[in-house]
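K.L.:
Would you mind keeping the following structure in view while I ask a few things?
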Amino acid sequence: MGKVGAGGGRPAGWSALLAGAGLLVLCAPGARSGGSACPAPHPGSARGWPATPGRSPRPGPPGRAPATPPPLLARPLFAVAPGDRALALERARGTGESAAAAGRSGRRRRSGAALEKEERGAGASRSPRGTLKDGGQPGRDTDRATRFRMEELRLTSTTFALTGDSAHNQAMVHWSGHNSSVILILTKLYDYNLGSITESSLWRSTDYGTTYEKLNDKVGLKTILSYLYVCPTNKRKIMLLTDPEIESSLLISSDEGATYQKYRLNFYIQSLLFHPRQEDWILAYGQDQKLYSSAEFGRRWQLIQEGVVPNRFYWSVMGSNKEPDLVHLEARTVDGHSQYLTCRMQNCTDTNKNKPFPGYIDPDSLIVQDDYVFVQLTSGGRPHYYVSYRKNAFAQMKLPKYALPKDMHVISTDENQVFAAVQEWNQNNTYNLYISDTRGVYFTLALENVQSSRGPEGNVMIDLYEVAGIKGMFLANKKIDNQVKTFITYNKGRDWRLLQAPDTDLRGDPVHCLLPYCSLHLHLKVSENPYTSGIIASRDTAPSIIVASGNIGSELSDNDISMFVSSDAGNTWRQIFEDEHSILYLDQGGVLVAMKHTSLPIRHLWLSFDEGRSWSKYGFTSIPLFVDGVLGEPGEETLIMTVFGHFSHRSEWQLVKVDYKSIFDRRCAEEDYTPWHLYNQGEACIMGAKRKYKKRKSEQKCMQGKYAGAMESEPCVCTEADFDCDYGYERHSNGQCLPAFWFNPSSLSKDCSVGQSYLNSTGYRKVVSNNCTDGVRERYTAKPQKCPGKAPRGLRIVTADGKLTAEQGHNVTLLVQLEEGDVQRTLIQVDFGDGIAVSYVNLSSMEDGIKHVYQNVGIFRVTVQVDNSLGSDSAVLYLHVTCPLEHVHLSLPFVTTKNKEVNATAVLWPSQVGTLTYVWWYGNNTEPLITLEGSISFKFTSEGMNTITVQVSAGNAILQDTKTIAVYEEFRSLRLSFSPNLDDYNPDIPEWRRDISHVIKKSLVEATGVPSQHILVAVLPGLPTAAELFVLPYQDPTGENRRSPEDLEQISEALIHKLNQNSVHFELKPGVQVLVHAAHLTAAPLVDLTPTHSGSAMLMLLSVVFVGLAVFVVYKFKRKIPGINVYAQMQNEKEQEMISPGSHTETRASIPHTELRRPGQLRDEKVESQLIEEIVQEFRDNSWSCHC
């Protein structure tokens, strides 16, 4: 799972009016974390393998970091659990437009909604998708007066202005928990140019928002606040975070924000994660990738782990967990690998950390959700997904064999089952939905080709929506022949069907729409601007009501969007508006509130008491208001609503408190309710039960108060419709589940031994959470069966990381896998190929793998033999053991002649690293030369500068070195030596040699007047210090004025003359003069000249003199002796940089001259005499060499 999470349709219940969330954020259009005024999201925001879920499950444990955030949510939303109330707003610069949005909090999602307010100049407004008269009438025809009461009624409301904050363009609002009258508002001025907050104000109301008190003096007049957090398990506890650019502090309140205490921080908090049960336990993620914990609600902090991956840390929330302080996290090692760690929050030392998953995992892939832990590991170019259920050992998740997933997102882990979206090898913009068994291991297909898109944060959004209040009911947008259509299921994906379009439109005219050619299609995905399209809402307390935007036709469209409602759980639909509206559920869903999406200021809204059949117009403010956001009262009743907005883009924030209590006549009594039966196209048995609810009669305007729609359930007799196909089986046209071509049903018994039993699948499995009884249950349920005795088959041996390489001196873990065989009565013998072998009596003793350390490099043949009483099997693995390649030097001459072979050698450290591959680029060749040898020979056919590069591949490491070689028709070279004092300052490192080469060249040019283009100086490694001087036939860029061989000879003689006169010198440092001269013959005697020596010694001395004269003759007349081409044995700068394992001093590589020669290397080699060659070889360091 590149990263896990669900893909991303609009989260369930996310609409433009906040009804059930605790904290709402409104950001400027386009605002994103890290790059605008919108704060960075909390780690819980994108819990997922790479995406965030497209639908939002029902509320879960308070404080659990949401798995999927609404778009543009500010970070503090993660601190608020579902059921809280808070709102955050942001006003864009220089605008006058507004938008309203709201959302029902979802299980493991951020509690709240993100709203954008677009502010445009005068005359710039969004074109509505539909038309309305006088800015609010939802229709064009007067016939609809029976459905829309145009007389405007008045709601009880009060307005309060946040005076003095007109310049503030962000606001975060928190409404405390149920039965609390406290509202907190944090307003901020975000400077877009500076990229920081420059002002802030804190407001508090204790009367449900009628009046507010400014609290800047209580938190510090100069204190700039950046974020507001609320404890999810104790709404009285408030935390404020200061702007770290001014000071890094926390302000903590335990009395709903009445008073605060300030605590200094020594790190910058990037995000917080509250514990789902313990109100004082918090995890804080720092900007330096360090994770901290606090057991005192932020008053003291303790470091847990460094190098933690962003968004990949979790509290343990497993139902069977007995360690509430256990923290799950993904951390990076020093070499960049990721690993899954667990530890206790107050005792997270290296010795107390556990690694539940053996080896490394893919970066950014850890997910902990309910009783499941997910990780991803890529091997062989394919991702593999692993799951651990209730702390059991990790098992590989089994998809159909040829699904070959490219991407996976865990959408839900509700009801002990994993719902996943998988993008298979042949899909691009769609995903297949899969549903698992209880352990999350075996997956079967639920729906193919579900539409996907990219969310505002780049996360994948899957067009899937779970309807609140009805288990097993989902809506999905499926792509068929390039058309996107909306489907519905009532049994967790076993059966899907299209939505029946309304019989009539808003005017009462008949709609001609015949299935399957025409149907109703709904927008399920989250829009980047959540106030335009994609609105869909449902509520746990109103299970029959679904409100959504969409269109009627052959496919889903972004044009002609209208609002539709279903009051019978998706069986039938009615059109309620021709324009997009935001819908808020009041009074347990007994009343619907609709507020139009418009760029204009509004002062009224619409209410319906009969599930959208008729609507009444209500005014909520006397002055039209640009609406920025709406926040509902905590709890399910939601009878008080606060509308946030402004009268103009320069005005203060206006807070309109709307009290809906006055619209009700009385409290509802038992006689005000009528029963309602859930059904699917006339079928009353859904998920194995008949369910009956209580609904308020549509003509009654009484207040429900607490949820009165309690469900009565009666189990049904099991039928084939209550069973889905088991793993490895596919449903055929006759309805039967038969084995897929790739599946062997007997493989299910491979892990059991003789004497044990296993569940033999019938090809069917009961849909999880289905409550049916009797009937065909016995026939379709898997039967216990005795394990058959089997001979070993399908034996494999692999490394734990899936690689065929291991490192010398390090543990390598080998895994033995067996498809079939009696694992408890099997003898396993493993031969590592290095003279060591081990034996095991059963496979269970090898579950964690076999660890072995290779002491030498090479290719080892690892064999495994498995035997039992019925047969045997064997497998072989060829393992490449290497040691890390640390350095590569490319050895070749500085200068060479045209059409002469050049030998290039890659010198390695260490020299023995295992199997290597060499890749060579030289000259103008665009295709590399690939060899298994570290040396190559080649020729250059033209003059100029040529680059040679060698790359050496050793295991996963690739190192390279690049050198430049000059190619000429001819050149001259001479060995230089220096006065001994230079050796005292020679550190013998490449940098020093390069710098001294430049100094020597400069001194030669100054002493001789020879143009610098003709001279190349290379200081050689080692002591005493020596250098090679090259005289080159430089020509100008036009190709003219080329130097002839006679010119090079003159330059050479001029250089020798100056060197012999001691005219070439340079100042190394003040007071240190270094003399440069040509290397001379040493005058030391070759024999002892004392009188006691015999005449033979005198004869030997005369021979030496003769040799010296011969050298002199060769020197004076070498230009006239054809065929003498003596190549200076010089190497490139780094050739001699290899460090001996036993010494840190650099030694010069010794490559005999004959190794650099090839047949035909010298033009006139046949005329060379062996005697002259030996003489020149002996004294080559002291003579000029002619290269032509």
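Quick note on naming: the chains in the structure tokens go A, B, ... in the order shown, residues restart at 1 in each chain, and ligands are numbered from 1 in order of appearance.
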Would you pick out the contacts of A:Leu1032 at 7 Å or less, using only C-alpha atoms, so that residues sharing its chain but fewer than 5 positions from it are not included, and give the list as a VMD selection string?
P.N.:
chain A and resid 971 to 972 1014 to 1015
K.L.:
If you measure from atom CA of A:Phe297 to atom CA of A:Ile252, what distance in Å do you get, rounded to one decimal?
P.N.:
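For atom CA of A:Phe297 relative to atom CA of A:Ile252, the distance reads 8.1 Å.
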K.L.:
Which residue is closest to A:Thr642? Choose from A:Ile183, A:Val866, A:Leu908, A:Leu326 and count only C-alpha atoms.
P.N.:
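The shortest atom-to-atom distance to A:Thr642 comes from A:Ile183.
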K.L.:
Contacts of stretch 755-769 of chain A at 7 Å or less, counting only C-alpha atoms, minus same-chain residues fewer than 5 places along, as a list in words?
P.N.:
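Residues near the query, excluding close chain neighbours: Glu415, Asp722, Phe723, Asp724, Cys725, Asp726, Tyr729, Cys737, Leu738, Ser749, Tyr780, Thr781, Ala782, Lys783, Pro784, Gln785, Lys786 and Cys787 of chain A.
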